[in-house]
$ cat start.cif   # mmCIF, C-alpha atoms
data_run
#
loop_
_atom_site.group_PDB
_atom_site.id
_atom_site.type_symbol
_atom_site.label_atom_id
_atom_site.label_comp_id
_atom_site.auth_asym_id
_atom_site.auth_seq_id
_atom_site.Cartn_x
_atom_site.Cartn_y
_atom_site.Cartn_z
ATOM 1 C CA MET A 1 17.731 -34.079 -0.732
ATOM 2 C CA THR A 2 17.274 -32.983 2.866
ATOM 3 C CA ASP A 3 14.499 -30.685 4.027
ATOM 4 C CA ASP A 4 17.010 -27.875 4.621
ATOM 5 C CA GLU A 5 18.398 -28.216 1.111
ATOM 6 C CA SER A 6 14.901 -28.325 -0.333
ATOM 7 C CA GLU A 7 14.064 -25.078 1.485
ATOM 8 C CA ALA A 8 17.304 -23.533 0.168
ATOM 9 C CA VAL A 9 16.389 -24.537 -3.389
ATOM 10 C CA ASP A 10 12.934 -23.006 -2.928
ATOM 11 C CA ALA A 11 14.541 -19.800 -1.629
ATOM 12 C CA PHE A 12 16.863 -19.582 -4.638
ATOM 13 C CA GLU A 13 13.864 -20.070 -6.914
ATOM 14 C CA ARG A 14 12.184 -17.103 -5.267
ATOM 15 C CA LEU A 15 15.342 -15.133 -6.021
ATOM 16 C CA GLY A 16 14.984 -15.925 -9.708
ATOM 17 C CA LEU A 17 16.930 -19.161 -10.234
ATOM 18 C CA THR A 18 15.405 -22.286 -11.693
ATOM 19 C CA SER A 19 15.288 -25.446 -9.611
ATOM 20 C CA TYR A 20 18.143 -26.991 -11.603
ATOM 21 C CA GLU A 21 20.226 -23.807 -11.344
ATOM 22 C CA ALA A 22 19.784 -23.754 -7.599
ATOM 23 C CA LYS A 23 20.692 -27.423 -7.266
ATOM 24 C CA VAL A 24 23.817 -27.110 -9.435
ATOM 25 C CA PHE A 25 24.938 -23.981 -7.596
ATOM 26 C CA ILE A 26 24.528 -25.707 -4.227
ATOM 27 C CA ALA A 27 26.251 -28.856 -5.499
ATOM 28 C CA LEU A 28 29.273 -26.902 -6.733
ATOM 29 C CA HIS A 29 29.632 -25.208 -3.351
ATOM 30 C CA ARG A 30 29.517 -28.656 -1.761
ATOM 31 C CA LEU A 31 32.206 -29.890 -4.156
ATOM 32 C CA GLY A 32 34.284 -26.727 -4.389
ATOM 33 C CA SER A 33 34.603 -27.362 -8.126
ATOM 34 C CA GLY A 34 33.760 -30.230 -10.432
ATOM 35 C CA THR A 35 32.804 -31.610 -13.793
ATOM 36 C CA ALA A 36 29.304 -32.270 -15.075
ATOM 37 C CA ARG A 37 29.719 -35.876 -13.968
ATOM 38 C CA ASP A 38 30.720 -34.741 -10.468
ATOM 39 C CA VAL A 39 27.716 -32.452 -10.190
ATOM 40 C CA ALA A 40 25.317 -35.130 -11.441
ATOM 41 C CA SER A 41 26.683 -37.554 -8.851
ATOM 42 C CA VAL A 42 25.642 -35.356 -5.898
ATOM 43 C CA THR A 43 22.371 -33.960 -7.209
ATOM 44 C CA ASP A 44 19.342 -35.202 -9.161
ATOM 45 C CA VAL A 45 20.115 -32.948 -12.128
ATOM 46 C CA PRO A 46 20.812 -35.205 -15.153
ATOM 47 C CA ARG A 47 24.369 -34.966 -16.446
ATOM 48 C CA SER A 48 23.049 -33.957 -19.880
ATOM 49 C CA GLN A 49 21.321 -30.971 -18.269
ATOM 50 C CA VAL A 50 24.273 -29.826 -16.186
ATOM 51 C CA TYR A 51 26.032 -28.257 -19.209
ATOM 52 C CA SER A 52 23.170 -25.924 -20.142
ATOM 53 C CA VAL A 53 22.412 -25.137 -16.503
ATOM 54 C CA ALA A 54 26.079 -24.285 -15.882
ATOM 55 C CA GLU A 55 26.066 -22.059 -18.955
ATOM 56 C CA SER A 56 23.036 -20.230 -17.574
ATOM 57 C CA LEU A 57 24.727 -19.817 -14.180
ATOM 58 C CA GLU A 58 27.807 -18.453 -15.929
ATOM 59 C CA ASP A 59 25.607 -15.902 -17.718
ATOM 60 C CA ARG A 60 24.274 -14.924 -14.309
ATOM 61 C CA SER A 61 27.857 -14.478 -13.038
ATOM 62 C CA LEU A 62 27.349 -17.224 -10.455
ATOM 63 C CA LEU A 63 30.041 -19.650 -11.611
ATOM 64 C CA GLU A 64 33.260 -19.782 -13.600
ATOM 65 C CA VAL A 65 34.176 -22.280 -16.315
ATOM 66 C CA GLN A 66 37.594 -23.835 -16.685
ATOM 67 C CA GLN A 67 38.232 -24.761 -20.312
ATOM 68 C CA SER A 68 39.804 -28.133 -19.649
ATOM 69 C CA SER A 69 38.984 -31.647 -20.703
ATOM 70 C CA PRO A 70 36.581 -32.417 -19.263
ATOM 71 C CA ILE A 71 35.222 -28.922 -18.540
ATOM 72 C CA ARG A 72 35.265 -28.027 -14.872
ATOM 73 C CA TYR A 73 33.022 -25.576 -13.055
ATOM 74 C CA ARG A 74 33.704 -23.489 -9.978
ATOM 75 C CA PRO A 75 31.102 -21.360 -8.155
ATOM 76 C CA VAL A 76 31.798 -17.748 -7.277
ATOM 77 C CA SER A 77 32.115 -16.959 -3.579
ATOM 78 C CA ILE A 78 29.010 -16.818 -1.470
ATOM 79 C CA GLU A 79 29.484 -13.091 -0.886
ATOM 80 C CA GLU A 80 29.862 -12.411 -4.608
ATOM 81 C CA ALA A 81 26.790 -14.538 -5.361
ATOM 82 C CA ARG A 82 24.816 -12.717 -2.669
ATOM 83 C CA ASN A 83 25.726 -9.321 -4.141
ATOM 84 C CA THR A 84 24.913 -10.502 -7.661
ATOM 85 C CA LEU A 85 21.474 -11.766 -6.697
ATOM 86 C CA GLU A 86 20.731 -8.698 -4.582
ATOM 87 C CA LYS A 87 21.551 -6.374 -7.487
ATOM 88 C CA ARG A 88 19.473 -8.492 -9.822
ATOM 89 C CA PHE A 89 16.570 -8.426 -7.399
ATOM 90 C CA GLU A 90 16.845 -4.645 -7.093
ATOM 91 C CA ARG A 91 16.888 -4.216 -10.877
ATOM 92 C CA GLU A 92 13.874 -6.447 -11.326
ATOM 93 C CA GLN A 93 12.040 -4.707 -8.520
ATOM 94 C CA GLU A 94 12.743 -1.306 -10.039
ATOM 95 C CA ARG A 95 11.688 -2.489 -13.495
ATOM 96 C CA ALA A 96 8.463 -3.991 -12.170
ATOM 97 C CA PHE A 97 7.408 -1.013 -10.082
ATOM 98 C CA ASP A 98 8.424 1.510 -12.753
ATOM 99 C CA TYR A 99 6.062 -0.296 -15.106
ATOM 100 C CA VAL A 100 3.239 -0.339 -12.556
ATOM 101 C CA GLU A 101 3.779 3.350 -11.844
ATOM 102 C CA GLY A 102 3.591 4.095 -15.555
ATOM 103 C CA VAL A 103 0.386 2.109 -15.929
ATOM 104 C CA LYS A 104 -1.064 3.895 -12.920
ATOM 105 C CA GLU A 105 -0.276 7.314 -14.418
ATOM 106 C CA GLU A 106 -1.768 6.323 -17.762
ATOM 107 C CA SER A 107 -4.975 5.078 -16.176
ATOM 108 C CA ALA A 108 -5.249 8.213 -14.044
ATOM 109 C CA THR A 109 -5.234 10.383 -17.158
ATOM 110 C CA GLU A 110 -7.729 8.205 -18.978
ATOM 111 C CA GLU A 111 -10.324 7.458 -16.328
ATOM 112 C CA THR A 112 -13.343 9.685 -15.781
ATOM 113 C CA GLN A 113 -13.544 11.779 -12.675
ATOM 114 C CA GLU A 114 -16.976 10.496 -11.672
ATOM 115 C CA ASP A 115 -15.745 7.802 -9.328
ATOM 116 C CA LEU A 116 -17.737 6.976 -6.207
ATOM 117 C CA TRP A 117 -15.986 4.586 -3.857
ATOM 118 C CA THR A 118 -17.287 2.433 -1.028
ATOM 119 C CA VAL A 119 -15.235 1.671 2.087
ATOM 120 C CA ARG A 120 -16.264 -0.894 4.686
ATOM 121 C CA SER A 121 -14.973 -1.507 8.229
ATOM 122 C CA ARG A 122 -14.076 1.016 10.896
ATOM 123 C CA ASP A 123 -10.306 0.809 10.383
ATOM 124 C CA ARG A 124 -10.515 1.396 6.648
ATOM 125 C CA VAL A 125 -12.875 4.327 7.069
ATOM 126 C CA ASP A 126 -10.504 5.766 9.695
ATOM 127 C CA SER A 127 -7.645 5.539 7.212
ATOM 128 C CA ARG A 128 -9.640 7.150 4.402
ATOM 129 C CA VAL A 129 -10.757 9.997 6.664
ATOM 130 C CA VAL A 130 -7.161 10.705 7.702
ATOM 131 C CA ASP A 131 -6.041 10.568 4.080
ATOM 132 C CA LEU A 132 -8.675 13.070 2.960
ATOM 133 C CA LEU A 133 -8.051 15.414 5.889
ATOM 134 C CA SER A 134 -4.300 15.405 5.317
ATOM 135 C CA GLN A 135 -4.841 16.673 1.753
ATOM 136 C CA ALA A 136 -6.715 19.796 2.866
ATOM 137 C CA ASP A 137 -5.230 23.119 1.776
ATOM 138 C CA ASP A 138 -8.130 25.474 2.377
ATOM 139 C CA ARG A 139 -11.090 24.155 4.355
ATOM 140 C CA ILE A 140 -12.265 21.127 6.347
ATOM 141 C CA ILE A 141 -15.720 20.194 7.576
ATOM 142 C CA PHE A 142 -15.727 17.212 9.905
ATOM 143 C CA GLY A 143 -18.780 15.916 11.693
ATOM 144 C CA THR A 144 -19.773 12.957 13.844
ATOM 145 C CA ARG A 145 -22.021 12.219 16.794
ATOM 146 C CA LEU A 146 -19.861 9.402 18.174
ATOM 147 C CA PRO A 147 -16.671 10.075 20.183
ATOM 148 C CA THR A 148 -15.337 6.655 19.138
ATOM 149 C CA PHE A 149 -15.282 7.941 15.547
ATOM 150 C CA VAL A 150 -12.709 10.557 16.510
ATOM 151 C CA THR A 151 -9.441 8.641 16.575
ATOM 152 C CA GLU A 152 -6.131 10.061 17.737
ATOM 153 C CA SER A 153 -4.948 10.115 14.121
ATOM 154 C CA ILE A 154 -7.987 12.105 13.025
ATOM 155 C CA GLU A 155 -7.620 14.602 15.862
ATOM 156 C CA ARG A 156 -3.884 14.951 15.196
ATOM 157 C CA THR A 157 -4.444 15.523 11.484
ATOM 158 C CA ILE A 158 -7.107 18.154 12.108
ATOM 159 C CA ARG A 159 -4.840 19.860 14.629
ATOM 160 C CA GLU A 160 -1.968 19.876 12.103
ATOM 161 C CA ARG A 161 -4.090 21.249 9.260
ATOM 162 C CA ALA A 162 -5.550 23.961 11.507
ATOM 163 C CA ALA A 163 -2.033 24.955 12.553
ATOM 164 C CA ALA A 164 -1.150 25.174 8.853
ATOM 165 C CA GLY A 165 -3.902 27.754 8.329
ATOM 166 C CA VAL A 166 -6.663 25.493 7.030
ATOM 167 C CA SER A 167 -10.161 26.614 8.079
ATOM 168 C CA VAL A 168 -11.704 23.807 10.163
ATOM 169 C CA ILE A 169 -15.305 23.363 11.273
ATOM 170 C CA VAL A 170 -16.256 20.435 13.493
ATOM 171 C CA ILE A 171 -19.958 19.617 13.726
ATOM 172 C CA SER A 172 -21.417 17.489 16.492
ATOM 173 C CA ARG A 173 -24.351 17.338 18.848
ATOM 174 C CA THR A 174 -22.088 15.660 21.400
ATOM 175 C CA ASP A 175 -20.612 18.013 24.004
ATOM 176 C CA GLU A 176 -17.547 15.837 24.444
ATOM 177 C CA ILE A 177 -16.618 16.179 20.785
ATOM 178 C CA ARG A 178 -17.269 19.922 20.612
ATOM 179 C CA ASP A 179 -15.240 20.488 23.790
ATOM 180 C CA ARG A 180 -12.422 18.308 22.497
ATOM 181 C CA PHE A 181 -12.030 20.268 19.270
ATOM 182 C CA GLY A 182 -13.065 23.621 20.674
ATOM 183 C CA ALA A 183 -9.824 23.666 22.627
ATOM 184 C CA ILE A 184 -7.781 23.572 19.413
ATOM 185 C CA ASP A 185 -6.681 26.912 17.975
ATOM 186 C CA GLY A 186 -8.150 27.547 14.551
ATOM 187 C CA VAL A 187 -11.012 25.059 14.912
ATOM 188 C CA GLU A 188 -14.654 26.194 15.049
ATOM 189 C CA THR A 189 -17.384 23.936 16.433
ATOM 190 C CA GLU A 190 -21.031 23.831 15.420
ATOM 191 C CA THR A 191 -24.192 21.979 16.441
ATOM 192 C CA PRO A 192 -26.145 20.282 13.611
ATOM 193 C CA PRO A 193 -29.734 21.294 12.773
ATOM 194 C CA ASP A 194 -32.513 20.121 15.107
ATOM 195 C CA PHE A 195 -34.111 17.855 12.491
ATOM 196 C CA ARG A 196 -31.086 15.575 12.763
ATOM 197 C CA GLU A 197 -31.570 15.052 16.453
ATOM 198 C CA SER A 198 -33.137 11.606 16.063
ATOM 199 C CA ASP A 199 -30.518 10.396 13.577
ATOM 200 C CA GLU A 200 -29.080 7.139 14.923
ATOM 201 C CA ARG A 201 -27.510 5.826 11.730
ATOM 202 C CA SER A 202 -25.156 8.606 10.728
ATOM 203 C CA GLY A 203 -21.467 7.973 11.145
ATOM 204 C CA ARG A 204 -19.118 10.650 9.853
ATOM 205 C CA ILE A 205 -19.023 13.441 7.318
ATOM 206 C CA VAL A 206 -15.835 14.878 5.854
ATOM 207 C CA VAL A 207 -15.677 17.704 3.324
ATOM 208 C CA VAL A 208 -12.271 18.890 2.126
ATOM 209 C CA ASP A 209 -11.584 21.986 0.028
ATOM 210 C CA GLY A 210 -15.013 21.774 -1.607
ATOM 211 C CA GLU A 211 -13.661 18.933 -3.744
ATOM 212 C CA SER A 212 -13.699 15.751 -1.643
ATOM 213 C CA ILE A 213 -16.445 14.255 0.479
ATOM 214 C CA LEU A 214 -16.948 11.205 2.671
ATOM 215 C CA LEU A 215 -20.230 10.131 4.248
ATOM 216 C CA SER A 216 -20.641 7.074 6.460
ATOM 217 C CA VAL A 217 -23.472 5.238 8.157
ATOM 218 C CA VAL A 218 -23.557 2.828 11.085
ATOM 219 C CA ASP A 219 -24.967 -0.578 10.203
ATOM 220 C CA ASP A 220 -27.265 -2.612 12.458
ATOM 221 C CA ASP A 221 -24.322 -4.639 13.753
ATOM 222 C CA GLY A 222 -22.396 -1.482 14.673
ATOM 223 C CA SER A 223 -20.023 -1.650 11.710
ATOM 224 C CA GLU A 224 -19.407 1.377 9.529
ATOM 225 C CA THR A 225 -19.798 1.795 5.773
ATOM 226 C CA ALA A 226 -18.721 4.927 3.920
ATOM 227 C CA ILE A 227 -18.895 6.355 0.427
ATOM 228 C CA TRP A 228 -16.384 8.923 -0.738
ATOM 229 C CA SER A 229 -15.510 10.819 -3.872
ATOM 230 C CA SER A 230 -12.968 13.419 -4.965
ATOM 231 C CA ASP A 231 -12.891 15.874 -7.865
ATOM 232 C CA SER A 232 -16.117 14.495 -9.311
ATOM 233 C CA LEU A 233 -19.486 15.914 -10.312
ATOM 234 C CA PHE A 234 -21.045 13.781 -7.586
ATOM 235 C CA ALA A 235 -18.774 15.283 -4.946
ATOM 236 C CA SER A 236 -19.317 18.822 -6.209
ATOM 237 C CA VAL A 237 -23.128 18.609 -6.191
ATOM 238 C CA LEU A 238 -23.344 16.890 -2.806
ATOM 239 C CA ILE A 239 -20.967 19.378 -1.200
ATOM 240 C CA GLN A 240 -23.023 22.285 -2.573
ATOM 241 C CA LEU A 241 -26.172 20.783 -1.043
ATOM 242 C CA ILE A 242 -24.480 20.348 2.331
ATOM 243 C CA GLU A 243 -22.967 23.818 2.356
ATOM 244 C CA ALA A 244 -26.341 25.348 1.523
ATOM 245 C CA SER A 245 -27.132 25.010 5.220
ATOM 246 C CA ASP A 246 -26.348 28.172 7.172
ATOM 247 C CA GLN A 247 -25.113 26.041 10.038
ATOM 248 C CA LEU A 248 -22.190 24.902 7.904
ATOM 249 C CA ARG A 249 -21.185 28.287 6.561
ATOM 250 C CA PRO A 250 -18.156 29.773 8.285
ATOM 251 C CA ASP A 251 -19.291 33.293 7.397
ATOM 252 C CA SER A 252 -22.925 32.851 8.462
ATOM 253 C CA ASP A 253 -24.443 35.334 10.883
#

$ encode --input "start.cif" --output "structure tokens"
Amino acid sequence: MTDDESEAVDAFERLGLTSYEAKVFIALHRLGSGTARDVASVTDVPRSQVYSVAESLEDRSLLEVQQSSPIRYRPVSIEEARNTLEKRFEREQERAFDYVEGVKEESATEETQEDLWTVRSRDRVDSRVVDLLSQADDRIIFGTRLPTFVTESIERTIRERAAAGVSVIVISRTDEIRDRFGAIDGVETETPPDFRESDERSGRIVVVDGESILLSVVDDDGSETAIWSSDSLFASVLIQLIEASDQLRPDSD
């Protein structure tokens, strides 16, 4: 068997055929039609196995059987086989993902709402921040001291939520960040309390709708690690502690 044929057999296996089924199907296309003896002569599938393999391929609608003596087999056209395998793949894909979706929904109803998650690496924290911000319906608090922690996606999401009527407060000691967000309609900017002035490890803070929170720190090597939680007792208590500061209250005097 050539390398190309071996790769074709492997590909058919990934589409759901067995190795023997793939080899018989390919052999029949090479022959046009043939008996079990003919197929066995051009492939390494034993003649005794060709009958059961051909029966399986017939069940898959990939070949036709001529009731003669001896029995002859003819493959369906390549286009028909392609359509058959594509439909089968789609059905299996739908079945698999429907099951996973069902399991996911079951686990979501059963699990406790006290989950605290850890996210490591700048890119993953960026993605989690954007995800949390995009879910805001009422209020956002976003804070950071580092301009590099304000990605275009984060700024765009905050701009979109503010335009949708969400109350947004951006907290930073950095003029560049306050100026950047201060120019956006619907966004208020604040300066953090003085006791945080020497803080060199803080990364980002995100509070969304009083239900979700993310806090990150900058590690010694400059990488970022965050914890986040949504709809949990942990999130609720921590958010209440943060919002106890007058500097974070939108209605403070």

$ residues_around --input "start.cif" --residues "range 152-158 of chain A" --least-positions-apart "5" --cutoff "7 Å" --atoms "only C-alpha atoms" --output "PyMOL selection string"
chain A and resi 130+133-134

$ closest_residue --input "start.cif" --among "A:Leu214, A:Val208, A:Val150, A:Ile171" --to "Ala136 in chain A" --atoms "all atoms listed in the file"
A:Val208

$ resolve_selection --input "start.cif" --expression "the PyMOL selection byres ((chain A and resi 40) around 12)" --output "PDB file with C-alpha atoms, in the coordinates of the input"
ATOM      1  CA  TYR A  20      18.143 -26.991 -11.603  1.00  0.00           C
ATOM      2  CA  LYS A  23      20.692 -27.423  -7.266  1.00  0.00           C
ATOM      3  CA  VAL A  24      23.817 -27.110  -9.435  1.00  0.00           C
ATOM      4  CA  PHE A  25      24.938 -23.981  -7.596  1.00  0.00           C
ATOM      5  CA  ILE A  26      24.528 -25.707  -4.227  1.00  0.00           C
ATOM      6  CA  ALA A  27      26.251 -28.856  -5.499  1.00  0.00           C
ATOM      7  CA  LEU A  28      29.273 -26.902  -6.733  1.00  0.00           C
ATOM      8  CA  LEU A  31      32.206 -29.890  -4.156  1.00  0.00           C
ATOM      9  CA  GLY A  34      33.760 -30.230 -10.432  1.00  0.00           C
ATOM     10  CA  THR A  35      32.804 -31.610 -13.793  1.00  0.00           C
ATOM     11  CA  ALA A  36      29.304 -32.270 -15.075  1.00  0.00           C
ATOM     12  CA  ARG A  37      29.719 -35.876 -13.968  1.00  0.00           C
ATOM     13  CA  ASP A  38      30.720 -34.741 -10.468  1.00  0.00           C
ATOM     14  CA  VAL A  39      27.716 -32.452 -10.190  1.00  0.00           C
ATOM     15  CA  SER A  41      26.683 -37.554  -8.851  1.00  0.00           C
ATOM     16  CA  VAL A  42      25.642 -35.356  -5.898  1.00  0.00           C
ATOM     17  CA  THR A  43      22.371 -33.960  -7.209  1.00  0.00           C
ATOM     18  CA  ASP A  44      19.342 -35.202  -9.161  1.00  0.00           C
ATOM     19  CA  VAL A  45      20.115 -32.948 -12.128  1.00  0.00           C
ATOM     20  CA  PRO A  46      20.812 -35.205 -15.153  1.00  0.00           C
ATOM     21  CA  ARG A  47      24.369 -34.966 -16.446  1.00  0.00           C
ATOM     22  CA  SER A  48      23.049 -33.957 -19.880  1.00  0.00           C
ATOM     23  CA  GLN A  49      21.321 -30.971 -18.269  1.00  0.00           C
ATOM     24  CA  VAL A  50      24.273 -29.826 -16.186  1.00  0.00           C
ATOM     25  CA  TYR A  51      26.032 -28.257 -19.209  1.00  0.00           C
ATOM     26  CA  VAL A  53      22.412 -25.137 -16.503  1.00  0.00           C
ATOM     27  CA  ALA A  54      26.079 -24.285 -15.882  1.00  0.00           C
TER      28      ALA A  54
END

$ atom_distance --input "start.cif" --atom1 "CA of Ile205 in chain A" --atom2 "CA of Glu224 in chain A"
12.3 Å

$ atom_distance --input "start.cif" --atom1 "CA of Ser223 in chain A" --atom2 "CA of Gln240 in chain A"
28.0 Å

$ axis_aligned_box --input "start.cif" --around "range 202-220 of chain A" --padding-each-side "8 Å" --output "AutoDock Vina command-line options"
--center_x -19.4 --center_y 9.7 --center_z 4.4 --size_x 31.7 --size_y 40.6 --size_z 32.2

$ residues_around --input "start.cif" --residues "Val125 in chain A" --least-positions-apart "3" --cutoff "12 Å" --atoms "all atoms listed in the file" --output "PyMOL selection string"
chain A and resi 117-122+128-132+149-151+154+203-206+214-218+223-228

$ resolve_selection --input "start.cif" --expression "the PyMOL selection byres ((chain A and resi 17) around 12)" --output "ChimeraX atom specification"
/A:8-16,18-26,53-54,56-57,59-60,62,81,85,88-89

$ atom_distance --input "start.cif" --atom1 "CA of Ser52 in chain A" --atom2 "CA of Val76 in chain A"
17.5 Å

$ closest_residue --input "start.cif" --among "A:Ala183, A:Ser77, A:Glu200, A:Glu176" --to "Ala162 in chain A" --atoms "only C-alpha atoms"
A:Ala183

$ resolve_selection --input "start.cif" --expression "the PyMOL selection byres ((chain A and resi 185) around 12)" --output "NGL selection string"
:A and (158-169 or 180-184 or 186-189)

$ closest_residue --input "start.cif" --among "A:Thr84, A:Ser202, A:Ser232, A:Ser212" --to "Leu146 in chain A" --atoms "only C-alpha atoms"
A:Ser202

$ closest_residue --input "start.cif" --among "A:Asp123, A:Glu94, A:Arg178, A:Arg145" --to "Arg201 in chain A" --atoms "all atoms listed in the file"
A:Arg145

$ residues_near_point --input "start.cif" --point "(34.5, -27.0, -18.8)" --cutoff "10 Å" --atoms "all atoms listed in the file" --output "JSON, numbers by chain"
{"A": [34, 35, 36, 51, 54, 55, 64, 65, 66, 67, 68, 69, 70, 71, 72, 73, 74]}

$ write_last_selection --input "start.cif" --atoms "C-alpha atoms" --output "JSON list (two decimals), keeping the file's coordinate frame"
[["chain", "number", "residue", "atom", "x", "y", "z"],
["A", 34, "GLY", "CA", 33.76, -30.23, -10.43],
["A", 35, "THR", "CA", 32.80, -31.61, -13.79],
["A", 36, "ALA", "CA", 29.30, -32.27, -15.08],
["A", 51, "TYR", "CA", 26.03, -28.26, -19.21],
["A", 54, "ALA", "CA", 26.08, -24.28, -15.88],
["A", 55, "GLU", "CA", 26.07, -22.06, -18.95],
["A", 64, "GLU", "CA", 33.26, -19.78, -13.60],
["A", 65, "VAL", "CA", 34.18, -22.28, -16.32],
["A", 66, "GLN", "CA", 37.59, -23.84, -16.68],
["A", 67, "GLN", "CA", 38.23, -24.76, -20.31],
["A", 68, "SER", "CA", 39.80, -28.13, -19.65],
["A", 69, "SER", "CA", 38.98, -31.65, -20.70],
["A", 70, "PRO", "CA", 36.58, -32.42, -19.26],
["A", 71, "ILE", "CA", 35.22, -28.92, -18.54],
["A", 72, "ARG", "CA", 35.26, -28.03, -14.87],
["A", 73, "TYR", "CA", 33.02, -25.58, -13.06],
["A", 74, "ARG", "CA", 33.70, -23.49, -9.98]]

$ decode --input "start.cif" --residues "range 41-60 of chain A" --atoms "N, CA and C atoms" --output "short mmCIF file (atom, residue, chain, number, x, y, z; two decimals), in the first residue's frame"
data_model
loop_
_atom_site.label_atom_id
_atom_site.label_comp_id
_atom_site.auth_asym_id
_atom_site.auth_seq_id
_atom_site.Cartn_x
_atom_site.Cartn_y
_atom_site.Cartn_z
N SER A 41 -7.61 -9.67 -3.94
CA SER A 41 -6.39 -9.72 -4.77
C SER A 41 -5.70 -8.37 -4.86
N VAL A 42 -6.40 -7.28 -4.57
CA VAL A 42 -5.78 -5.95 -4.70
C VAL A 42 -5.65 -5.23 -3.36
N THR A 43 -5.99 -5.92 -2.28
CA THR A 43 -5.86 -5.32 -0.96
C THR A 43 -5.42 -6.39 0.02
N ASP A 44 -5.04 -6.01 1.23
CA ASP A 44 -4.59 -6.99 2.22
C ASP A 44 -5.73 -7.47 3.11
N VAL A 45 -6.98 -7.17 2.71
CA VAL A 45 -8.12 -7.67 3.47
C VAL A 45 -8.34 -9.13 3.09
N PRO A 46 -8.34 -10.06 4.03
CA PRO A 46 -8.55 -11.48 3.71
C PRO A 46 -9.90 -11.68 3.02
N ARG A 47 -9.92 -12.61 2.07
CA ARG A 47 -11.15 -12.87 1.33
C ARG A 47 -12.31 -13.21 2.27
N SER A 48 -12.01 -13.96 3.33
CA SER A 48 -13.06 -14.35 4.28
C SER A 48 -13.67 -13.16 5.00
N GLN A 49 -12.90 -12.05 5.06
CA GLN A 49 -13.39 -10.86 5.74
C GLN A 49 -14.11 -9.91 4.80
N VAL A 50 -13.89 -10.08 3.51
CA VAL A 50 -14.48 -9.14 2.55
C VAL A 50 -16.00 -9.18 2.62
N TYR A 51 -16.59 -10.38 2.81
CA TYR A 51 -18.05 -10.51 2.82
C TYR A 51 -18.69 -9.66 3.93
N SER A 52 -18.18 -9.79 5.14
CA SER A 52 -18.76 -9.04 6.26
C SER A 52 -18.47 -7.55 6.12
N VAL A 53 -17.29 -7.22 5.63
CA VAL A 53 -16.96 -5.80 5.43
C VAL A 53 -17.87 -5.20 4.37
N ALA A 54 -18.11 -5.94 3.27
CA ALA A 54 -18.99 -5.45 2.22
C ALA A 54 -20.41 -5.27 2.74
N GLU A 55 -20.84 -6.20 3.59
CA GLU A 55 -22.17 -6.08 4.18
C GLU A 55 -22.28 -4.80 5.02
N SER A 56 -21.22 -4.51 5.77
CA SER A 56 -21.20 -3.30 6.59
C SER A 56 -21.24 -2.06 5.71
N LEU A 57 -20.47 -2.07 4.61
CA LEU A 57 -20.46 -0.93 3.68
C LEU A 57 -21.82 -0.77 3.01
N GLU A 58 -22.50 -1.88 2.76
CA GLU A 58 -23.85 -1.79 2.19
C GLU A 58 -24.79 -1.13 3.19
N ASP A 59 -24.66 -1.50 4.47
CA ASP A 59 -25.49 -0.89 5.51
C ASP A 59 -25.23 0.61 5.62
N ARG A 60 -24.02 1.00 5.28
CA ARG A 60 -23.66 2.42 5.33
C ARG A 60 -24.02 3.13 4.03
#
